[in-house]
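Data from protein-v4.txt: compact mmCIF, C-alpha atoms
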# COMPACT_ATOMS: atom_id res chain seq x y z
CA MET A 22 0.00 0.00 0.00
CA PRO A 23 1.49 3.42 -0.92
CA SER A 24 2.77 5.47 2.00
CA SER A 25 0.97 8.63 3.09
CA GLU A 26 4.03 10.63 1.97
CA TYR A 27 3.81 9.09 -1.53
CA ILE A 28 0.06 9.80 -1.77
CA GLU A 29 0.51 13.40 -0.56
CA LYS A 30 3.32 13.98 -3.06
CA ASN A 31 1.21 12.69 -5.96
CA ILE A 32 -1.82 14.75 -4.92
CA LYS A 33 0.38 17.86 -4.99
CA LEU A 34 1.71 16.80 -8.39
CA LEU A 35 -1.83 16.35 -9.75
CA ILE A 36 -2.86 19.78 -8.47
CA PHE A 37 0.27 21.23 -10.07
CA ILE A 38 -0.57 19.66 -13.44
CA LEU A 39 -4.21 20.76 -13.32
CA ILE A 40 -3.62 24.36 -12.26
CA PHE A 41 -0.74 25.47 -14.44
CA PRO A 42 -2.41 24.92 -17.84
CA LEU A 43 -4.93 27.56 -16.69
CA VAL A 44 -2.03 29.91 -16.10
CA VAL A 45 -0.77 29.23 -19.62
CA LEU A 46 -4.15 30.19 -21.09
CA ASN A 47 -4.57 33.31 -19.00
CA ILE A 48 -1.13 34.76 -19.55
CA GLN A 49 -2.05 35.89 -23.07
CA ALA A 50 -4.90 37.98 -21.73
CA ALA A 51 -3.07 39.34 -18.70
CA GLY A 52 0.18 41.12 -19.24
CA TYR A 53 1.74 39.43 -22.26
CA LYS A 54 4.69 41.53 -23.38
CA LEU A 55 5.10 41.93 -27.10
CA GLN A 56 8.12 40.42 -28.83
CA GLN A 57 9.83 40.56 -32.21
CA ASP A 58 7.82 38.88 -34.99
CA ASP A 59 4.50 39.22 -33.12
CA ARG A 60 1.80 40.16 -35.65
CA LEU A 61 -0.64 42.95 -34.78
CA ASN A 62 -3.89 44.28 -36.19
CA ILE A 63 -4.34 48.02 -35.57
CA LEU A 64 -7.78 49.56 -36.18
CA VAL A 65 -8.14 53.34 -35.92
CA TRP A 66 -11.90 53.95 -35.81
CA GLY A 67 -13.14 56.21 -38.59
CA HIS A 68 -9.73 56.24 -40.28
CA PRO A 69 -9.27 53.18 -42.48
CA ASP A 70 -6.21 54.83 -44.04
CA LEU A 71 -4.44 54.56 -40.68
CA SER A 72 -5.58 51.01 -39.95
CA LEU A 73 -3.23 48.17 -40.87
CA THR A 74 -1.80 44.77 -40.04
CA LEU A 75 1.94 44.47 -39.40
CA SER A 76 4.66 42.56 -37.52
CA ILE A 77 7.14 43.83 -34.95
CA ASP A 78 10.50 44.12 -36.72
CA PRO A 79 13.89 42.75 -35.51
CA ASP A 80 14.53 46.07 -33.74
CA GLY A 81 11.33 45.62 -31.74
CA GLU A 82 9.57 48.46 -33.58
CA ILE A 83 6.51 49.03 -35.76
CA SER A 84 6.19 51.69 -38.49
CA LEU A 85 2.90 53.63 -38.57
CA PRO A 86 1.47 56.39 -40.75
CA LEU A 87 1.99 59.83 -39.18
CA LEU A 88 3.77 58.42 -36.13
CA GLY A 89 6.72 56.73 -37.82
CA LYS A 90 8.65 54.13 -35.81
CA ILE A 91 7.25 53.16 -32.40
CA LYS A 92 9.00 50.84 -29.92
CA ALA A 93 6.52 48.01 -29.30
CA GLU A 94 8.70 45.23 -27.92
CA GLY A 95 8.33 44.82 -24.16
CA LEU A 96 4.94 46.56 -24.00
CA THR A 97 1.61 44.92 -23.27
CA ILE A 98 -1.24 45.26 -25.77
CA GLU A 99 -2.94 47.80 -23.51
CA GLU A 100 0.27 49.84 -23.06
CA LEU A 101 0.82 49.99 -26.81
CA ARG A 102 -2.82 50.96 -27.44
CA GLU A 103 -2.55 53.84 -24.95
CA LEU A 104 0.73 54.95 -26.56
CA LEU A 105 -0.87 54.98 -30.03
CA GLU A 106 -3.93 56.89 -28.85
CA GLU A 107 -1.65 59.48 -27.28
CA GLY A 108 0.37 59.76 -30.50
CA TYR A 109 -2.62 59.98 -32.84
CA GLY A 110 -4.23 62.47 -30.45
CA GLU A 111 -1.96 65.10 -31.97
CA TYR A 112 -3.59 64.52 -35.37
CA ILE A 113 -7.08 63.19 -34.61
CA GLN A 114 -9.62 64.42 -32.10
CA GLU A 115 -10.21 61.77 -29.40
CA PRO A 116 -8.88 58.82 -31.41
CA ARG A 117 -10.28 55.38 -30.65
CA ILE A 118 -7.95 52.48 -31.37
CA SER A 119 -8.55 48.74 -31.25
CA LEU A 120 -5.43 46.60 -31.08
CA SER A 121 -5.34 42.81 -31.36
CA LEU A 122 -2.57 40.26 -31.44
CA LEU A 123 -2.99 37.97 -34.46
CA ASN A 124 -0.19 35.56 -33.69
CA TYR A 125 2.71 35.23 -31.32
CA LYS A 126 6.36 34.67 -31.94
CA ARG A 127 7.06 30.93 -31.84
CA SER A 128 10.14 29.48 -30.20
CA GLN A 129 11.43 26.01 -29.39
CA VAL A 130 12.75 24.78 -26.06
CA MET A 131 13.68 21.37 -24.68
CA ILE A 132 12.81 19.80 -21.35
CA LEU A 133 14.77 16.70 -20.35
CA GLY A 134 15.29 14.38 -17.41
CA GLN A 135 12.73 13.46 -14.78
CA VAL A 136 9.51 14.75 -16.38
CA ARG A 137 6.68 12.59 -17.64
CA ASN A 138 6.91 13.74 -21.27
CA PRO A 139 10.45 14.98 -22.03
CA GLY A 140 11.21 16.42 -25.45
CA THR A 141 11.11 19.54 -27.61
CA TYR A 142 8.21 21.96 -27.21
CA GLU A 143 7.11 24.82 -29.41
CA LEU A 144 6.17 27.87 -27.37
CA VAL A 145 3.68 30.47 -28.49
CA GLY A 146 4.08 33.77 -26.72
CA GLU A 147 5.42 34.28 -23.24
CA THR A 148 6.07 31.02 -21.38
CA ARG A 149 7.78 30.44 -18.07
CA VAL A 150 9.52 27.48 -16.40
CA LEU A 151 6.49 26.29 -14.40
CA GLN A 152 4.29 26.34 -17.49
CA LEU A 153 6.76 24.27 -19.50
CA ILE A 154 7.00 21.68 -16.72
CA SER A 155 3.20 21.51 -16.68
CA ARG A 156 3.07 20.98 -20.46
CA ALA A 157 5.58 18.16 -20.06
CA GLY A 158 3.23 16.39 -17.63
CA GLY A 159 4.93 17.48 -14.43
CA PRO A 160 7.96 16.02 -12.64
CA THR A 161 8.30 12.31 -11.89
CA GLU A 162 8.60 10.96 -8.35
CA LYS A 163 12.37 10.59 -8.89
CA ALA A 164 13.00 14.25 -9.75
CA ALA A 165 15.37 16.26 -7.58
CA LEU A 166 13.01 19.23 -7.32
CA ASP A 167 15.58 21.57 -5.79
CA GLN A 168 18.28 20.98 -8.43
CA LEU A 169 16.78 22.00 -11.81
CA ARG A 170 19.12 23.53 -14.38
CA LEU A 171 18.15 25.89 -17.20
CA SER A 172 20.81 26.03 -19.94
CA ARG A 173 20.78 29.23 -21.98
CA GLY A 174 23.74 29.29 -24.33
CA GLU A 175 26.80 29.17 -22.07
CA GLU A 176 24.80 30.30 -19.03
CA ILE A 177 23.45 27.80 -16.48
CA LEU A 178 20.60 28.95 -14.22
CA GLU A 179 19.88 26.95 -11.05
CA ILE A 180 16.19 26.53 -10.11
CA ASN A 181 14.67 25.33 -6.85
CA LEU A 182 11.28 24.06 -8.01
CA LYS A 183 10.42 22.78 -4.53
CA GLY A 184 10.94 26.28 -3.15
CA LEU A 185 8.93 27.87 -5.95
CA LEU A 186 5.94 25.60 -5.34
CA SER A 187 6.06 26.07 -1.56
CA GLY A 188 6.53 29.84 -1.81
CA THR A 189 9.82 29.84 0.10
CA VAL A 190 11.76 30.79 -3.06
CA LEU A 191 10.57 33.75 -5.14
CA THR A 192 13.04 33.58 -8.05
CA GLY A 193 13.56 30.93 -10.70
CA ASN A 194 10.32 30.95 -12.69
CA TYR A 195 12.25 32.37 -15.62
CA LEU A 196 10.71 33.57 -18.87
CA LEU A 197 11.87 31.05 -21.46
CA GLN A 198 13.81 31.98 -24.58
CA ASP A 199 14.23 30.21 -27.90
CA GLY A 200 16.80 27.41 -27.56
CA ASP A 201 16.56 27.06 -23.77
CA VAL A 202 17.07 23.57 -22.31
CA LEU A 203 15.48 22.75 -18.94
CA TYR A 204 16.85 19.68 -17.13
CA LEU A 205 15.28 17.94 -14.13
CA PRO A 206 17.92 15.60 -12.65
CA GLU A 207 17.17 12.41 -10.79
CA GLU A 208 17.42 12.69 -7.03
CA VAL A 209 20.51 10.83 -5.82
CA GLN A 210 19.45 8.78 -2.83
CA LYS A 211 21.95 8.26 -0.04
CA LEU A 212 22.97 6.01 2.82
CA SER A 213 24.95 7.32 5.78
CA ILE A 214 27.49 5.47 7.89
CA PHE A 215 29.13 6.84 11.02
CA GLY A 216 31.08 5.72 14.05
CA GLU A 217 34.10 3.42 13.96
CA VAL A 218 34.66 3.10 10.20
CA ALA A 219 37.63 4.29 8.16
CA ARG A 220 35.66 6.71 5.96
CA PRO A 221 32.41 7.81 7.63
CA GLY A 222 29.97 9.85 5.53
CA SER A 223 27.21 9.60 2.89
CA TYR A 224 27.28 7.06 0.07
CA THR A 225 25.10 6.53 -3.00
CA TRP A 226 22.22 4.09 -2.55
CA TRP A 227 21.10 1.60 -5.16
CA GLU A 228 18.34 -0.99 -5.16
CA GLY A 229 19.44 -4.11 -3.27
CA LYS A 230 22.50 -2.56 -1.63
CA ARG A 231 23.55 -4.54 1.44
CA LEU A 232 25.25 -3.65 4.71
CA SER A 233 28.43 -5.50 3.68
CA GLU A 234 28.72 -3.37 0.52
CA LEU A 235 28.30 -0.12 2.43
CA LEU A 236 30.89 -1.20 5.01
CA ALA A 237 33.36 -1.98 2.22
CA GLU A 238 32.78 1.45 0.62
CA ALA A 239 33.44 3.09 3.98
CA GLY A 240 36.78 1.28 4.32
CA ASN A 241 35.44 -1.25 6.85
CA GLN A 242 35.67 -0.88 10.62
CA THR A 243 38.53 0.74 12.51
CA VAL A 244 40.56 -1.20 15.08
CA ARG A 245 38.06 -0.05 17.66
CA GLY A 246 34.97 -0.85 15.58
CA ASP A 247 32.58 -3.39 17.08
CA LEU A 248 30.99 -5.38 14.24
CA SER A 249 28.93 -7.37 16.72
CA ASN A 250 26.95 -4.27 17.61
CA ILE A 251 26.03 -2.36 14.42
CA ARG A 252 23.02 -0.08 14.70
CA ILE A 253 20.79 0.50 11.62
CA ILE A 254 18.42 3.47 11.82
CA TYR A 255 15.75 3.13 9.13
CA PRO A 256 13.97 6.10 7.43
CA ASP A 257 10.83 5.52 9.52
CA GLY A 258 12.89 5.92 12.72
CA SER A 259 12.95 2.24 13.69
CA ILE A 260 16.28 0.79 14.86
CA GLU A 261 17.77 -2.66 14.28
CA TYR A 262 20.92 -4.04 15.92
CA VAL A 263 22.98 -6.39 13.78
CA ASP A 264 25.72 -8.82 14.83
CA PHE A 265 27.74 -8.61 11.62
CA LEU A 266 30.64 -10.45 13.25
CA ALA A 267 28.45 -13.55 13.34
CA TYR A 268 27.83 -13.17 9.58
CA LEU A 269 31.58 -13.01 8.91
CA ALA A 270 32.01 -16.23 10.89
CA ASP A 271 29.09 -17.94 9.14
CA ALA A 272 27.83 -16.40 5.88
CA SER A 273 24.77 -18.66 5.94
CA LEU A 274 23.36 -16.51 8.74
CA ASN A 275 20.89 -13.93 7.43
CA VAL A 276 22.53 -10.86 8.99
CA ASP A 277 23.58 -8.89 5.89
CA PRO A 278 20.39 -6.88 5.39
CA VAL A 279 19.37 -4.97 2.27
CA LEU A 280 19.36 -1.27 3.17
CA PRO A 281 16.49 1.02 2.09
CA ALA A 282 17.38 4.50 0.82
CA GLY A 283 17.83 7.04 3.59
CA SER A 284 19.08 4.56 6.19
CA SER A 285 21.84 5.48 8.64
CA ILE A 286 24.34 2.99 10.03
CA TYR A 287 26.35 3.44 13.21
CA VAL A 288 29.30 1.18 14.06
CA GLU A 289 29.75 1.20 17.82
CA GLU A 290 33.13 1.42 19.53
CA LYS A 291 34.47 -1.73 21.16
CA ILE A 292 34.81 -1.61 24.89
CA PHE A 293 38.35 -2.87 25.58
CA GLU A 294 39.08 -4.16 29.04
CA VAL A 295 42.05 -5.25 31.12
CA ILE A 296 41.74 -7.33 34.26
CA ILE A 297 43.85 -6.89 37.35
CA LEU A 298 43.78 -9.58 40.05
CA GLY A 299 45.71 -10.52 43.16
CA GLU A 300 47.01 -8.28 45.90
CA VAL A 301 45.40 -4.99 44.90
CA ASN A 302 42.72 -3.06 46.76
CA ARG A 303 40.11 -3.13 43.97
CA PRO A 304 40.66 -6.14 41.70
CA GLY A 305 38.47 -6.43 38.60
CA SER A 306 37.97 -5.23 35.01
CA TYR A 307 38.93 -1.75 33.84
CA ASN A 308 38.45 0.03 30.51
CA TRP A 309 41.54 0.00 28.35
CA HIS A 310 42.66 2.92 26.17
CA GLU A 311 45.49 3.48 23.73
CA GLY A 312 48.77 4.19 25.56
CA MET A 313 47.55 2.86 28.90
CA ARG A 314 50.41 1.88 31.25
CA LEU A 315 50.70 -0.54 34.11
CA ASP A 316 51.27 2.08 36.83
CA LYS A 317 48.05 3.87 35.82
CA LEU A 318 46.07 0.62 35.94
CA LEU A 319 47.51 -0.11 39.37
CA ALA A 320 46.45 3.33 40.56
CA GLN A 321 42.90 2.73 39.24
CA ALA A 322 42.82 -0.51 41.21
CA GLY A 323 43.68 1.33 44.44
CA ASN A 324 47.37 0.31 44.37
CA GLN A 325 48.83 -2.80 45.94
CA LYS A 326 47.94 -4.22 49.32
CA GLU A 327 50.55 -4.60 52.03
CA ARG A 328 51.32 -8.10 50.79
CA GLY A 329 51.46 -7.05 47.13
CA ASP A 330 54.82 -7.80 45.43
CA LEU A 331 55.58 -5.04 42.90
CA GLU A 332 58.80 -6.81 41.90
CA ASN A 333 56.93 -9.80 40.56
CA ILE A 334 53.92 -8.63 38.53
CA ARG A 335 52.83 -11.06 35.85
CA ILE A 336 51.18 -9.75 32.64
CA ILE A 337 49.27 -12.37 30.67
CA ARG A 338 48.51 -11.40 27.05
CA GLN A 339 45.49 -12.43 24.97
CA ASP A 340 47.59 -14.92 23.01
CA GLY A 341 48.54 -16.72 26.24
CA SER A 342 52.09 -15.41 26.47
CA SER A 343 53.19 -13.87 29.76
CA GLU A 344 55.77 -11.42 31.04
CA ILE A 345 57.16 -10.66 34.53
CA VAL A 346 57.51 -6.96 35.30
CA ASN A 347 59.42 -5.31 38.18
CA LEU A 348 57.29 -2.24 38.82
CA ALA A 349 59.14 -1.51 42.08
CA ALA A 350 62.32 -0.84 40.09
CA TYR A 351 60.36 1.49 37.79
CA PHE A 352 59.06 3.50 40.77
CA ALA A 353 62.55 3.63 42.33
CA ALA A 354 64.09 4.95 39.11
CA LYS A 355 61.33 7.49 38.76
CA GLU A 356 61.86 8.80 42.31
CA GLY A 357 65.62 8.86 41.90

As structure tokens:
Amino acid sequence: MPSSEYIEKNIKLLIFILIFPLVVLNIQAAGYKLQQDDRLNILVWGHPDLSLTLSIDPDGEISLPLLGKIKAEGLTIEELRELLEEGYGEYIQEPRISLSLLNYKRSQVMILGQVRNPGTYELVGETRVLQLISRAGGPTEKAALDQLRLSRGEEILEINLKGLLSGTVLTGNYLLQDGDVLYLPEEVQKLSIFGEVARPGSYTWWEGKRLSELLAEAGNQTVRGDLSNIRIIYPDGSIEYVDFLAYLADASLNVDPVLPAGSSIYVEEKIFEVIILGEVNRPGSYNWHEGMRLDKLLAQAGNQKERGDLENIRIIRQDGSSEIVNLAAYFAAKEG
């Protein structure tokens, strides 16, 4: 059954796809700015000799009887109409002008990557990034919504679509130009590993990736890493403890789990111990640390009892070998 997060994301996507085509239709009626090659019909009421149909030239201008060249590019239909009425007002009493846009300049752009219908699109009139994404069917579930790139010649414009849709980012809904390429990359999903490994950090996730593979990428455990006590924190917050040391001893054991994207792994530190017995005040186990010396351990154990023989201390190593140490001589040399 799809998760609530998945359902919510797809509802938002559906709303996005349904709403933005309306924006595309309305933009022509509300504030479209004229461009080169747009074709206009100008009707001056009562003056057919001044009425004509023409296109905006490469300089963004139109040539009119009596008025000569007028800069039209960048104006809305209403702004140009008011400008023409003002100009003809010097020649005609209370001129009435009707102005209509017969066709828009057409341009081609591409949208690639994680959209439902990637490809080349012909744009008519003023079109922005959000409208193009809508025409392409909206982003897929794999899209990295905060990492869009708009290529315009040698210029690359970064776009945070997630921020635009949530209202936290106010820039990025760029007006598209002929030849623009909009790219929606795939979101790179990660796994994190921390604690006693050689190279802690984030690593790329792929379907079926196992704990053993992530450990290998991270350079395996350090000398102090405890593979018998690995903690896996899953994306839903649940925690699993894994004895990976048992898996290394017997690969038939099912303790090399497949990791879902977004999981975090923590390799605990081993607790190293040394044991001191015999004629000391507090015999028992004590935590070991790198560089630990015998005199410090003896001090932790409350030093020797009256019957303790510092000249004949036996150290027994893990491999079974032993060594006799004269700690009394060490103390005497230190005091001298």

Hey, which bits of region 188-234 of chain A sit within 9 Å of region 150-160 of chain A, and for each residue what's the closest pair of atoms and how far apart in Å (one decimal), counting only C-alpha atoms, rows by chain and increasing number, as a Markdown table?
| residue | atom | partner | partner_atom | distance |
| --- | --- | --- | --- | --- |
| A:Gly193 | CA | A:Val150 | CA | 7.8 |
| A:Asn194 | CA | A:Val150 | CA | 5.1 |
| A:Tyr195 | CA | A:Val150 | CA | 5.7 |
| A:Leu196 | CA | A:Val150 | CA | 6.7 |
| A:Leu197 | CA | A:Val150 | CA | 6.6 |
| A:Leu203 | CA | A:Val150 | CA | 8.0 |
| A:Leu205 | CA | A:Pro160 | CA | 7.7 |

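You can rank A:Gly200, A:Leu318, A:Glu162, A:Lys230 by their closest distance to Leu298 (chain A) using only C-alpha atoms, and at the top of that list sits A:Leu318.
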
Report task. Extract, using only C-alpha atoms, all DNA, RNA and protein residues at most 10 Å from Glu208 (chain A), discarding same-chain residues fewer than 2 positions from it, and format them as an MDAnalysis selection string. Result -> chainID A and resid 135 162:168 205:206 210:211

Requested in this report: Pick out the residues sitting within 6 Å of Glu300 (chain A), and hand them over as a list in words; count only C-alpha atoms, and ignore anything fewer than 2 positions along from it in its own chain.
Outcome: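 Those residues are Gln325, Lys326 and Gly329 of chain A.
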
To test the calculation: enclose all listed atoms of region 189-208 of chain A in a box whose edges run along x, y and z, add 6 Å on each side, then state centre and edge lengths in Å to one decimal, as JSON.
{"center_x": 13.9, "center_y": 23.1, "center_z": -13.9, "size_x": 20.1, "size_y": 33.3, "size_z": 40.0}

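With only C-alpha atoms as the atoms that count, the minimum distance from Gly146 (chain A) to the choices A:Ile77, A:Glu111, A:Asp59, A:Ser84 is reached by A:Asp59.
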
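One distance worth recording is that between CA of Asn124 (chain A) and CA of Arg60 (chain A), which is 5.4 Å.
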
**Report entry** Neighbour list for region 332-348 of chain A as a ChimeraX atom specification, cut-off 12 Å, all atoms listed in the file, skip fewer than 6 positions in-chain
**Finding:** /A:293-301,314-319,324-325,354-355

Query raised in the report: Of the candidates A:Leu236, A:Leu96, A:Leu331, A:Val218, which shows the shortest atom-to-atom distance to Ala353 (chain A), using only C-alpha atoms?
Result: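 So, comparing all the options, the nearest one is A:Leu331.
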
Query raised in the report: From the set A:Leu280, A:Leu105, A:Val288, A:Ile113, which residue has the shortest atom-to-atom contact distance to Ala93 (chain A), counting all atoms listed in the file?
Result: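 Distance minimum relative to Ala93 (chain A) lands on A:Leu105.
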
Requested in this report: Counting all atoms listed in the file, find the residues whose atoms lie at most 12 Å from (-1.5, 61.7, -33.1) (file coordinates) and write them out as a list in words.
Outcome: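 Those residues lying close to the given coordinates are Val65, Leu71, Leu85, Pro86, Leu87, Leu88, Gly89, Glu103, Leu104, Leu105, Glu106, Glu107, Gly108, Tyr109, Gly110, Glu111, Tyr112, Ile113, Gln114, Glu115, Pro116, Arg117 and Ile118 of chain A.
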
Query - Expected residue set, 8 Å radius at (25.6, -9.7, 7.4), all atoms listed in the file, as a ChimeraX atom specification - result: /A:232-233,263-269,272,274-278

Requested in this report: Quick one: pull the distance between CA of Asn62 (chain A) and CA of Ile98 (chain A), Å, one decimal.
Outcome: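 If I compute the distance from CA of Asn62 (chain A) to CA of Ile98 (chain A), I get 10.8 Å.
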
Query - Neighbour list for Ser119 (chain A) as a ChimeraX atom specification, cut-off 8 Å, all atoms listed in the file, skip fewer than 6 positions in-chain - result: /A:63-66,102
